[in-house]
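Next comes structure30.cif, a file with mmCIF, C-alpha atoms and all ligand atoms.
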data_work
loop_
_atom_site.group_PDB
_atom_site.id
_atom_site.type_symbol
_atom_site.label_atom_id
_atom_site.label_comp_id
_atom_site.auth_asym_id
_atom_site.auth_seq_id
_atom_site.Cartn_x
_atom_site.Cartn_y
_atom_site.Cartn_z
ATOM 1 C CA MET A 871 77.717 186.262 124.381
ATOM 2 C CA ILE A 872 81.412 185.573 124.688
ATOM 3 C CA LEU A 873 83.799 187.352 122.325
ATOM 4 C CA PHE A 874 86.967 185.576 121.261
ATOM 5 C CA LYS A 875 89.716 187.431 119.451
ATOM 6 C CA ARG A 876 92.279 184.629 119.323
ATOM 7 C CA SER A 877 91.612 181.374 117.543
ATOM 8 C CA GLU A 878 93.554 179.391 120.148
ATOM 9 C CA ASP A 879 91.340 180.690 122.982
ATOM 10 C CA LEU A 880 88.226 179.817 121.018
ATOM 11 C CA HIS A 881 89.531 176.377 120.091
ATOM 12 C CA LEU A 882 90.335 175.533 123.737
ATOM 13 C CA TRP A 883 86.980 176.822 124.955
ATOM 14 C CA VAL A 884 85.031 174.835 122.329
ATOM 15 C CA SER A 885 87.031 171.664 123.153
ATOM 16 C CA LYS A 886 86.131 172.096 126.817
ATOM 17 C CA GLN A 887 82.444 172.619 126.063
ATOM 18 C CA ARG A 888 82.357 169.565 123.829
ATOM 19 C CA SER A 889 84.066 167.416 126.445
ATOM 20 C CA GLN A 890 81.117 168.385 128.690
ATOM 21 C CA GLY A 891 78.720 167.008 126.089
ATOM 22 C CA LYS A 892 77.639 170.301 124.509
ATOM 23 C CA ILE A 893 76.589 170.143 120.838
ATOM 24 C CA THR A 894 78.068 172.997 118.801
ATOM 25 C CA GLY A 895 76.857 174.834 115.714
ATOM 26 C CA PHE A 896 78.957 177.101 113.497
ATOM 27 C CA VAL A 897 77.891 180.078 111.349
ATOM 28 C CA PRO A 898 80.792 181.553 109.355
ATOM 29 C CA THR A 899 80.194 185.124 108.070
ATOM 30 C CA MET A 900 82.058 188.081 106.619
ATOM 31 C CA GLY A 901 80.395 190.548 109.006
ATOM 32 C CA ALA A 902 78.140 193.462 107.946
ATOM 33 C CA LEU A 903 75.457 191.325 109.528
ATOM 34 C CA HIS A 904 71.850 191.342 108.356
ATOM 35 C CA GLU A 905 68.702 189.288 108.996
ATOM 36 C CA GLY A 906 69.898 186.515 106.708
ATOM 37 C CA HIS A 907 72.868 185.906 109.001
ATOM 38 C CA ILE A 908 70.612 186.074 112.069
ATOM 39 C CA HIS A 909 68.415 183.426 110.475
ATOM 40 C CA LEU A 910 71.428 181.104 110.233
ATOM 41 C CA ILE A 911 72.216 181.776 113.884
ATOM 42 C CA GLU A 912 68.593 181.003 114.836
ATOM 43 C CA ALA A 913 68.741 177.760 112.834
ATOM 44 C CA SER A 914 71.865 176.783 114.728
ATOM 45 C CA ARG A 915 70.417 177.783 118.116
ATOM 46 C CA SER A 916 67.357 175.621 117.547
ATOM 47 C CA LEU A 917 69.502 172.540 116.922
ATOM 48 C CA THR A 918 72.552 172.966 119.140
ATOM 49 C CA ASP A 919 73.580 173.985 122.664
ATOM 50 C CA LEU A 920 76.188 176.536 121.585
ATOM 51 C CA THR A 921 76.395 178.640 118.463
ATOM 52 C CA ILE A 922 79.711 180.023 117.274
ATOM 53 C CA CYS A 923 79.567 182.851 114.726
ATOM 54 C CA SER A 924 82.776 184.008 113.050
ATOM 55 C CA ILE A 925 83.292 187.377 111.396
ATOM 56 C CA PHE A 926 86.161 187.335 108.954
ATOM 57 C CA VAL A 927 86.372 189.146 105.610
ATOM 58 C CA ASN A 928 88.500 186.566 103.860
ATOM 59 C CA PRO A 929 90.987 188.187 101.444
ATOM 60 C CA ALA A 930 91.752 184.812 99.843
ATOM 61 C CA GLN A 931 88.272 184.585 98.299
ATOM 62 C CA PHE A 932 88.268 187.956 96.543
ATOM 63 C CA ASN A 933 89.753 187.528 93.076
ATOM 64 C CA ASP A 934 89.241 191.250 92.431
ATOM 65 C CA PRO A 935 91.138 193.343 95.029
ATOM 66 C CA ARG A 936 88.788 196.286 94.340
ATOM 67 C CA ASP A 937 85.839 194.128 95.373
ATOM 68 C CA PHE A 938 87.675 193.290 98.624
ATOM 69 C CA GLU A 939 88.378 196.981 99.259
ATOM 70 C CA LYS A 940 84.743 197.917 98.637
ATOM 71 C CA TYR A 941 83.359 195.233 100.926
ATOM 72 C CA PRO A 942 81.385 197.105 103.625
ATOM 73 C CA VAL A 943 83.516 197.467 106.768
ATOM 74 C CA SER A 944 84.283 200.449 108.992
ATOM 75 C CA ILE A 945 87.757 201.811 109.728
ATOM 76 C CA GLU A 946 87.887 200.449 113.293
ATOM 77 C CA LYS A 947 86.860 197.119 111.889
ATOM 78 C CA ASP A 948 89.698 197.256 109.350
ATOM 79 C CA ILE A 949 92.274 197.199 112.127
ATOM 80 C CA GLU A 950 90.529 194.263 113.736
ATOM 81 C CA MET A 951 90.376 192.596 110.349
ATOM 82 C CA LEU A 952 94.110 192.880 109.711
ATOM 83 C CA ASP A 953 94.675 191.355 113.106
ATOM 84 C CA LYS A 954 92.429 188.456 112.186
ATOM 85 C CA VAL A 955 94.111 187.882 108.823
ATOM 86 C CA ILE A 956 97.389 187.255 110.648
ATOM 87 C CA GLU A 957 95.573 184.823 112.935
ATOM 88 C CA ILE A 958 94.074 182.833 110.080
ATOM 89 C CA TYR A 959 96.964 183.085 107.609
ATOM 90 C CA PRO A 960 100.182 183.475 109.656
ATOM 91 C CA GLN A 961 102.263 182.941 106.494
ATOM 92 C CA GLY A 962 100.168 185.358 104.416
ATOM 93 C CA ASN A 963 97.279 184.523 102.132
ATOM 94 C CA THR A 964 99.191 183.744 98.951
ATOM 95 C CA GLY A 965 100.625 180.388 97.917
ATOM 96 C CA LEU A 966 98.105 178.513 100.036
ATOM 97 C CA GLU A 967 97.123 174.862 99.512
ATOM 98 C CA THR A 968 94.633 174.014 96.752
ATOM 99 C CA TYR A 969 91.753 171.539 96.707
ATOM 100 C CA ASP A 970 90.431 169.233 94.004
ATOM 101 C CA LEU A 971 86.872 170.483 93.837
ATOM 102 C CA GLY A 972 86.034 169.115 90.397
ATOM 103 C CA GLN A 973 84.128 170.890 87.642
ATOM 104 C CA ILE A 974 81.819 172.701 90.014
ATOM 105 C CA GLU A 975 84.726 174.995 90.901
ATOM 106 C CA THR A 976 85.080 176.330 87.358
ATOM 107 C CA ILE A 977 81.457 177.119 86.418
ATOM 108 C CA LEU A 978 79.155 180.058 87.303
ATOM 109 C CA GLU A 979 80.714 181.927 90.274
ATOM 110 C CA GLY A 980 83.932 180.002 89.710
ATOM 111 C CA HIS A 981 84.086 181.164 86.092
ATOM 112 C CA TYR A 982 83.435 184.825 86.896
ATOM 113 C CA ARG A 983 85.508 184.873 90.085
ATOM 114 C CA PRO A 984 88.527 182.652 89.381
ATOM 115 C CA GLY A 985 90.119 181.363 92.570
ATOM 116 C CA HIS A 986 87.113 182.366 94.674
ATOM 117 C CA PHE A 987 86.168 178.860 95.774
ATOM 118 C CA GLN A 988 89.750 177.885 96.564
ATOM 119 C CA GLY A 989 89.740 180.938 98.855
ATOM 120 C CA VAL A 990 86.452 179.835 100.418
ATOM 121 C CA CYS A 991 87.909 176.362 101.063
ATOM 122 C CA GLN A 992 91.179 177.745 102.402
ATOM 123 C CA VAL A 993 89.347 179.769 105.023
ATOM 124 C CA MET A 994 86.665 177.148 105.733
ATOM 125 C CA SER A 995 89.209 174.390 106.371
ATOM 126 C CA ARG A 996 91.008 176.669 108.853
ATOM 127 C CA LEU A 997 87.796 177.785 110.543
ATOM 128 C CA LEU A 998 86.461 174.243 110.820
ATOM 129 C CA ASN A 999 89.751 173.151 112.397
ATOM 130 C CA ILE A 1000 89.595 176.003 114.913
ATOM 131 C CA VAL A 1001 85.897 175.728 115.780
ATOM 132 C CA THR A 1002 85.455 171.945 115.354
ATOM 133 C CA PRO A 1003 81.637 172.295 115.294
ATOM 134 C CA ASP A 1004 79.128 169.426 115.259
ATOM 135 C CA HIS A 1005 76.870 171.354 112.863
ATOM 136 C CA LEU A 1006 77.622 173.919 110.175
ATOM 137 C CA PHE A 1007 74.968 176.359 108.889
ATOM 138 C CA MET A 1008 75.335 178.154 105.568
ATOM 139 C CA GLY A 1009 72.901 180.088 103.384
ATOM 140 C CA GLN A 1010 71.184 178.834 100.248
ATOM 141 C CA LYS A 1011 71.703 182.380 98.969
ATOM 142 C CA ASP A 1012 75.232 181.190 98.086
ATOM 143 C CA TYR A 1013 74.032 177.970 96.534
ATOM 144 C CA GLN A 1014 77.230 176.977 94.754
ATOM 145 C CA GLN A 1015 79.234 177.755 97.884
ATOM 146 C CA CYS A 1016 77.067 175.279 99.815
ATOM 147 C CA LEU A 1017 77.904 172.527 97.310
ATOM 148 C CA ILE A 1018 81.598 173.450 97.390
ATOM 149 C CA VAL A 1019 81.784 173.377 101.189
ATOM 150 C CA GLN A 1020 79.989 170.025 101.241
ATOM 151 C CA ARG A 1021 82.655 168.737 98.850
ATOM 152 C CA LEU A 1022 85.398 170.131 101.104
ATOM 153 C CA ILE A 1023 83.850 168.373 104.100
ATOM 154 C CA GLU A 1024 83.935 165.096 102.163
ATOM 155 C CA LEU A 1025 87.467 165.640 100.877
ATOM 156 C CA LEU A 1026 88.947 166.439 104.280
ATOM 157 C CA HIS A 1027 86.658 164.071 106.231
ATOM 158 C CA PHE A 1028 85.407 166.764 108.598
ATOM 159 C CA GLN A 1029 82.967 165.255 111.098
ATOM 160 C CA VAL A 1030 80.304 167.935 110.766
ATOM 161 C CA HIS A 1031 76.636 167.961 109.710
ATOM 162 C CA PHE A 1032 75.999 170.486 106.974
ATOM 163 C CA HIS A 1033 72.747 172.506 106.897
ATOM 164 C CA THR A 1034 71.570 174.715 104.042
ATOM 165 C CA VAL A 1035 69.354 177.509 105.409
ATOM 166 C CA PRO A 1036 66.741 179.115 103.083
ATOM 167 C CA THR A 1037 67.368 182.648 101.811
ATOM 168 C CA VAL A 1038 65.945 185.545 103.835
ATOM 169 C CA ARG A 1039 64.397 188.208 101.602
ATOM 170 C CA GLU A 1040 63.226 191.813 101.871
ATOM 171 C CA SER A 1041 59.446 192.281 101.638
ATOM 172 C CA ASP A 1042 59.679 192.895 97.870
ATOM 173 C CA GLY A 1043 61.679 189.709 97.319
ATOM 174 C CA LEU A 1044 65.267 191.023 97.126
ATOM 175 C CA ALA A 1045 67.608 188.567 98.838
ATOM 176 C CA GLN A 1046 69.229 190.179 101.849
ATOM 177 C CA SER A 1047 72.923 190.788 101.319
ATOM 178 C CA SER A 1048 75.686 192.901 102.827
ATOM 179 C CA ARG A 1049 76.168 194.306 99.335
ATOM 180 C CA ASN A 1050 72.618 195.749 99.213
ATOM 181 C CA ARG A 1051 73.712 198.666 101.377
ATOM 182 C CA ARG A 1052 75.920 199.855 98.521
ATOM 183 C CA LEU A 1053 72.909 200.295 96.200
ATOM 184 C CA THR A 1054 71.559 203.794 95.500
ATOM 185 C CA ALA A 1055 67.801 204.335 95.996
ATOM 186 C CA ASP A 1056 67.167 203.842 92.248
ATOM 187 C CA GLN A 1057 69.376 200.780 92.085
ATOM 188 C CA ARG A 1058 67.576 199.336 95.095
ATOM 189 C CA VAL A 1059 64.281 199.654 93.214
ATOM 190 C CA ASN A 1060 65.790 197.968 90.136
ATOM 191 C CA ALA A 1061 67.394 195.213 92.192
ATOM 192 C CA VAL A 1062 64.117 193.422 92.807
ATOM 193 C CA ALA A 1063 64.187 192.320 89.139
ATOM 194 C CA ILE A 1064 66.539 189.467 90.072
ATOM 195 C CA SER A 1065 64.058 187.700 92.334
ATOM 196 C CA LYS A 1066 61.234 188.521 89.901
ATOM 197 C CA ALA A 1067 63.235 186.951 87.054
ATOM 198 C CA LEU A 1068 63.837 183.839 89.176
ATOM 199 C CA ASN A 1069 60.112 183.642 89.957
ATOM 200 C CA ASP A 1070 59.347 184.027 86.231
ATOM 201 C CA ILE A 1071 61.624 181.082 85.464
ATOM 202 C CA ARG A 1072 59.988 178.974 88.135
ATOM 203 C CA GLY A 1073 56.544 179.826 86.764
ATOM 204 C CA SER A 1074 57.247 179.305 83.085
ATOM 205 C CA LEU A 1075 59.997 176.708 82.762
ATOM 206 C CA GLN A 1076 57.728 173.721 82.370
ATOM 207 C CA SER A 1077 55.210 175.336 80.029
ATOM 208 C CA LYS A 1078 57.629 177.362 77.884
ATOM 209 C CA GLY A 1079 60.884 175.387 78.080
ATOM 210 C CA ALA A 1080 64.310 176.538 79.235
ATOM 211 C CA GLU A 1081 65.242 178.674 76.255
ATOM 212 C CA LYS A 1082 62.129 180.875 76.390
ATOM 213 C CA ALA A 1083 62.134 181.070 80.181
ATOM 214 C CA LEU A 1084 65.752 182.249 80.157
ATOM 215 C CA LYS A 1085 65.095 184.790 77.389
ATOM 216 C CA GLN A 1086 62.193 186.281 79.342
ATOM 217 C CA ALA A 1087 64.320 186.493 82.500
ATOM 218 C CA ARG A 1088 67.180 188.110 80.580
ATOM 219 C CA GLU A 1089 64.795 190.739 79.214
ATOM 220 C CA ARG A 1090 63.477 191.532 82.684
ATOM 221 C CA LEU A 1091 67.006 192.063 83.965
ATOM 222 C CA GLU A 1092 67.939 194.251 80.996
ATOM 223 C CA ALA A 1093 64.820 196.383 81.509
ATOM 224 C CA ALA A 1094 66.000 196.977 85.101
ATOM 225 C CA HIS A 1095 69.475 198.047 83.856
ATOM 226 C CA PHE A 1096 71.230 194.914 85.059
ATOM 227 C CA LYS A 1097 74.433 193.769 83.385
ATOM 228 C CA THR A 1098 74.158 190.023 83.643
ATOM 229 C CA ASP A 1099 77.045 187.646 84.306
ATOM 230 C CA TYR A 1100 74.843 184.564 84.072
ATOM 231 C CA ILE A 1101 71.278 183.244 84.172
ATOM 232 C CA TYR A 1102 71.361 179.510 84.465
ATOM 233 C CA ILE A 1103 69.068 176.558 85.036
ATOM 234 C CA ALA A 1104 70.804 173.578 86.554
ATOM 235 C CA ARG A 1105 70.487 170.267 88.274
ATOM 236 C CA ALA A 1106 70.313 171.069 91.989
ATOM 237 C CA SER A 1107 72.732 168.306 92.994
ATOM 238 C CA ASP A 1108 75.769 169.291 90.897
ATOM 239 C CA LEU A 1109 74.822 172.396 88.862
ATOM 240 C CA GLN A 1110 75.066 170.594 85.544
ATOM 241 C CA THR A 1111 73.023 172.491 82.968
ATOM 242 C CA ILE A 1112 69.464 171.390 82.195
ATOM 243 C CA SER A 1113 67.914 172.091 78.820
ATOM 244 C CA ASP A 1114 64.998 169.659 78.898
ATOM 245 C CA TRP A 1115 63.445 169.631 82.334
ATOM 246 C CA ASN A 1116 61.045 166.839 83.231
ATOM 247 C CA GLY A 1117 59.665 168.790 86.192
ATOM 248 C CA LYS A 1118 60.709 166.010 88.565
ATOM 249 C CA GLU A 1119 64.477 166.251 88.803
ATOM 250 C CA LYS A 1120 65.493 168.756 91.513
ATOM 251 C CA ALA A 1121 66.505 171.925 89.692
ATOM 252 C CA VAL A 1122 67.673 175.426 90.564
ATOM 253 C CA ALA A 1123 67.814 178.719 88.679
ATOM 254 C CA LEU A 1124 70.765 180.993 89.437
ATOM 255 C CA ILE A 1125 71.522 184.605 88.546
ATOM 256 C CA ALA A 1126 74.524 186.875 88.985
ATOM 257 C CA ALA A 1127 74.239 190.426 87.697
ATOM 258 C CA PHE A 1128 75.603 193.931 88.231
ATOM 259 C CA GLN A 1129 73.421 196.830 89.277
ATOM 260 C CA GLY A 1130 75.898 199.660 88.689
ATOM 261 C CA ASP A 1131 79.094 198.341 90.254
ATOM 262 C CA VAL A 1132 77.315 196.192 92.832
ATOM 263 C CA ARG A 1133 77.355 192.509 91.938
ATOM 264 C CA LEU A 1134 74.315 190.638 93.257
ATOM 265 C CA ILE A 1135 73.624 186.912 93.213
ATOM 266 C CA ASP A 1136 70.483 184.943 93.953
ATOM 267 C CA ASN A 1137 68.908 181.588 93.168
ATOM 268 C CA MET A 1138 65.636 179.730 93.515
ATOM 269 C CA LEU A 1139 64.810 176.050 93.728
ATOM 270 C CA LEU A 1140 62.372 175.190 90.954
ATOM 271 C CA ASN A 1141 60.574 172.292 92.647
HETATM 272 P P1 LIG B 1201 78.518 186.413 104.051
HETATM 273 O O1 LIG B 1201 78.811 187.124 105.321
HETATM 274 O O2 LIG B 1201 77.746 187.224 103.052
HETATM 275 O O3 LIG B 1201 79.690 185.686 103.478
HETATM 276 O O4 LIG B 1201 77.477 185.259 104.439
HETATM 277 C C1 LIG B 1201 77.679 184.411 105.541
HETATM 278 C C2 LIG B 1201 76.630 183.334 105.512
HETATM 279 O O5 LIG B 1201 75.336 183.935 105.505
HETATM 280 C C3 LIG B 1201 76.718 182.469 104.231
HETATM 281 O O6 LIG B 1201 76.479 181.132 104.569
HETATM 282 C C4 LIG B 1201 75.618 183.050 103.377
HETATM 283 O O7 LIG B 1201 75.109 182.125 102.420
HETATM 284 C C5 LIG B 1201 74.579 183.403 104.421
HETATM 285 N N1 LIG B 1201 73.640 184.395 103.913
HETATM 286 C C6 LIG B 1201 73.935 185.550 103.262
HETATM 287 N N2 LIG B 1201 72.815 186.176 102.888
HETATM 288 C C7 LIG B 1201 71.771 185.414 103.303
HETATM 289 C C8 LIG B 1201 70.341 185.516 103.215
HETATM 290 N N3 LIG B 1201 69.756 186.541 102.616
HETATM 291 N N4 LIG B 1201 69.606 184.530 103.755
HETATM 292 C C9 LIG B 1201 70.187 183.460 104.367
HETATM 293 N N5 LIG B 1201 71.516 183.304 104.491
HETATM 294 C C10 LIG B 1201 72.306 184.266 103.967
#
Do you think you could lay out the structure here as structure tokens?
Amino acid sequence: MILFKRSEDLHLWVSKQRSQGKITGFVPTMGALHEGHIHLIEASRSLTDLTICSIFVNPAQFNDPRDFEKYPVSIEKDIEMLDKVIEIYPQGNTGLETYDLGQIETILEGHYRPGHFQGVCQVMSRLLNIVTPDHLFMGQKDYQQCLIVQRLIELLHFQVHFHTVPTVRESDGLAQSSRNRRLTADQRVNAVAISKALNDIRGSLQSKGAEKALKQARERLEAAHFKTDYIYIARASDLQTISDWNGKEKAVALIAAFQGDVRLIDNMLLN
């Protein structure tokens, strides 16, 4: 493993490797690594010669400063993080450029976390310019983010192949997430209700219809003391809502909900 602390050093090194014919893969993360991240790295390693993994807790994508402050990092890492922020945003992380992402920016995560996806694009455009990878690997766990980054790639004509990697789960079904480590033991037990609710939707959508499937899922979350931001069934391609599903069109169910003050998200493809 080679550790780069300066974007310029990394950029030069990657350019050199690519001029020697090496195929590069990129896995952007916000640190606090878990198996889900490792899975992305494995996906990249199986397809490329060199895998570049970035660790950067991006302040521009946290609409709620308290959420940013609570994001799991250690003190030593904080110092490193501040250093990195100056690297990525030399002029500070306010008043940055904005992108025309269309309606997908304003629904679901975009509705509950205004500005979040602009922040994701602001950091992703910088990272893609520094790393210049051939392949980019991101997790289905952040389904809407995958669609947003694909849109950014189109908008800015980045020459990179995008890969969506399936969600890695704990043995009981909870999607792995850096935020899980903030759950108390009781909350951790409750948290499994999200993946159970998604499974319920997948099992009952066709027989019971969207309204009933959503009601059942909502009740399961309530019983597990979740405060729900959204439960949503959507077209997989653009997240437009689906009320009458023919069972053929690619669809996805998505949930965001609070267990205590920990906000968890998850989703499941329905076919
Ligand atoms: P994060 O560090 O949480 O911003 O995540 C960095 C990358 O890892 C993103 O592309 C996420 O979608 C992906 N990721 C996070 N959790 C998982 C998981 N449980 N399984 C697969 N990928 C994940």
For range 1056-1059 of chain A, I'd like the enclosing box, axis-aligned and padded by 3 Å on every side, reported as AutoDock Vina command-line options with centre and edge lengths in Å to one decimal.
--center_x 66.8 --center_y 201.6 --center_z 93.6 --size_x 11.1 --size_y 10.5 --size_z 9.0
Residues within 7 Å of range 1052-1060 of chain A, all atoms listed in the file, excluding chain neighbours under 4 positions, as an NGL selection string: :A and (1094 or 1129 or 1132)
Residues selected by the PyMOL selection byres (((not hetatm)) within 6 of (chain B and resi 1201)), written as number ranges by chain: A: 898-901, 906-907, 1008-1012, 1036-1039, 1045-1047
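Comparing the minimum interatomic distances between Ser1107 in chain A and each of A:Ser1077, A:Leu997, A:Ile974, A:Asn928, counting all atoms listed in the file, we find that A:Ile974 sits nearest.
Once the PyMOL selection byres (((chain A and resi 992) around 10) and not hetatm) is applied to the depicted file, the selected set reads Asn928, Ala930, Gln931, Ile958, Tyr959, Asn963, Leu966, Glu967, Thr968, Tyr969, His986, Phe987, Gln988, Gly989, Val990, Cys991, Val993, Met994, Ser995, Arg996, Leu997 and Leu1022 of chain A.
Note that CA of Gly1073 in chain A and CA of Gly980 in chain A are 27.5 Å apart.
With distances taken over all atoms listed in the file, A:Ile1103 is the one residue among A:Ile1103, A:Cys1016, A:Leu873, A:Leu1109 lying closest to Leu1084 in chain A.
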Could I see range 1000-1009 of chain A restored to all heavy atoms, set down as a tab-separated table (two decimals), in the coordinates of the input?
chain	number	residue	atom	x	y	z
A	1000	ILE	N	89.57	175.21	113.67
A	1000	ILE	CA	89.60	176.00	114.91
A	1000	ILE	C	88.32	175.73	115.73
A	1000	ILE	O	88.36	175.47	116.92
A	1000	ILE	CB	89.68	177.52	114.60
A	1000	ILE	CG1	91.04	177.86	113.96
A	1000	ILE	CG2	89.46	178.36	115.86
A	1000	ILE	CD1	91.10	179.25	113.34
A	1001	VAL	N	87.17	175.78	115.06
A	1001	VAL	CA	85.90	175.73	115.78
A	1001	VAL	C	85.46	174.29	116.09
A	1001	VAL	O	84.77	174.06	117.08
A	1001	VAL	CB	84.80	176.48	114.97
A	1001	VAL	CG1	83.47	176.46	115.71
A	1001	VAL	CG2	85.22	177.92	114.71
A	1002	THR	N	85.85	173.37	115.22
A	1002	THR	CA	85.46	171.94	115.35
A	1002	THR	C	83.97	171.78	115.72
A	1002	THR	O	83.65	171.14	116.72
A	1002	THR	CB	86.34	171.20	116.38
A	1002	THR	OG1	86.20	171.83	117.66
A	1002	THR	CG2	87.80	171.18	115.97
A	1003	PRO	N	83.06	172.36	114.93
A	1003	PRO	CA	81.64	172.30	115.29
A	1003	PRO	C	81.03	170.93	114.98
A	1003	PRO	O	81.57	170.19	114.14
A	1003	PRO	CB	80.99	173.35	114.40
A	1003	PRO	CG	81.85	173.34	113.17
A	1003	PRO	CD	83.25	173.04	113.63
A	1004	ASP	N	79.89	170.62	115.63
A	1004	ASP	CA	79.13	169.43	115.26
A	1004	ASP	C	78.26	169.72	114.04
A	1004	ASP	O	78.01	168.84	113.23
A	1004	ASP	CB	78.21	169.01	116.42
A	1004	ASP	CG	79.03	168.71	117.67
A	1004	ASP	OD1	79.94	167.88	117.57
A	1004	ASP	OD2	78.76	169.32	118.73
A	1005	HIS	N	77.76	170.96	113.96
A	1005	HIS	CA	76.87	171.35	112.86
A	1005	HIS	C	77.40	172.63	112.22
A	1005	HIS	O	77.90	173.52	112.91
A	1005	HIS	CB	75.45	171.62	113.38
A	1005	HIS	CG	74.81	170.40	113.99
A	1005	HIS	ND1	74.01	169.55	113.27
A	1005	HIS	CD2	74.88	169.90	115.24
A	1005	HIS	CE1	73.60	168.56	114.06
A	1005	HIS	NE2	74.12	168.77	115.27
A	1006	LEU	N	77.21	172.72	110.91
A	1006	LEU	CA	77.62	173.92	110.18
A	1006	LEU	C	76.42	174.45	109.41
A	1006	LEU	O	75.72	173.68	108.75
A	1006	LEU	CB	78.75	173.55	109.20
A	1006	LEU	CG	79.19	174.62	108.21
A	1006	LEU	CD1	79.78	175.84	108.93
A	1006	LEU	CD2	80.23	174.04	107.24
A	1007	PHE	N	76.15	175.77	109.51
A	1007	PHE	CA	74.97	176.36	108.89
A	1007	PHE	C	75.40	177.39	107.86
A	1007	PHE	O	76.08	178.37	108.20
A	1007	PHE	CB	74.10	177.03	109.96
A	1007	PHE	CG	73.61	176.06	111.00
A	1007	PHE	CD1	74.42	175.70	112.08
A	1007	PHE	CD2	72.36	175.48	110.89
A	1007	PHE	CE1	73.98	174.79	113.03
A	1007	PHE	CE2	71.91	174.57	111.85
A	1007	PHE	CZ	72.72	174.21	112.91
A	1008	MET	N	74.99	177.18	106.61
A	1008	MET	CA	75.33	178.15	105.57
A	1008	MET	C	74.09	178.46	104.74
A	1008	MET	O	73.13	177.69	104.73
A	1008	MET	CB	76.50	177.65	104.71
A	1008	MET	CG	77.75	177.49	105.58
A	1008	MET	SD	79.26	177.07	104.71
A	1008	MET	CE	79.67	178.60	103.92
A	1009	GLY	N	74.11	179.61	104.04
A	1009	GLY	CA	72.90	180.09	103.38
A	1009	GLY	C	72.74	179.58	101.96
A	1009	GLY	O	73.70	179.58	101.19
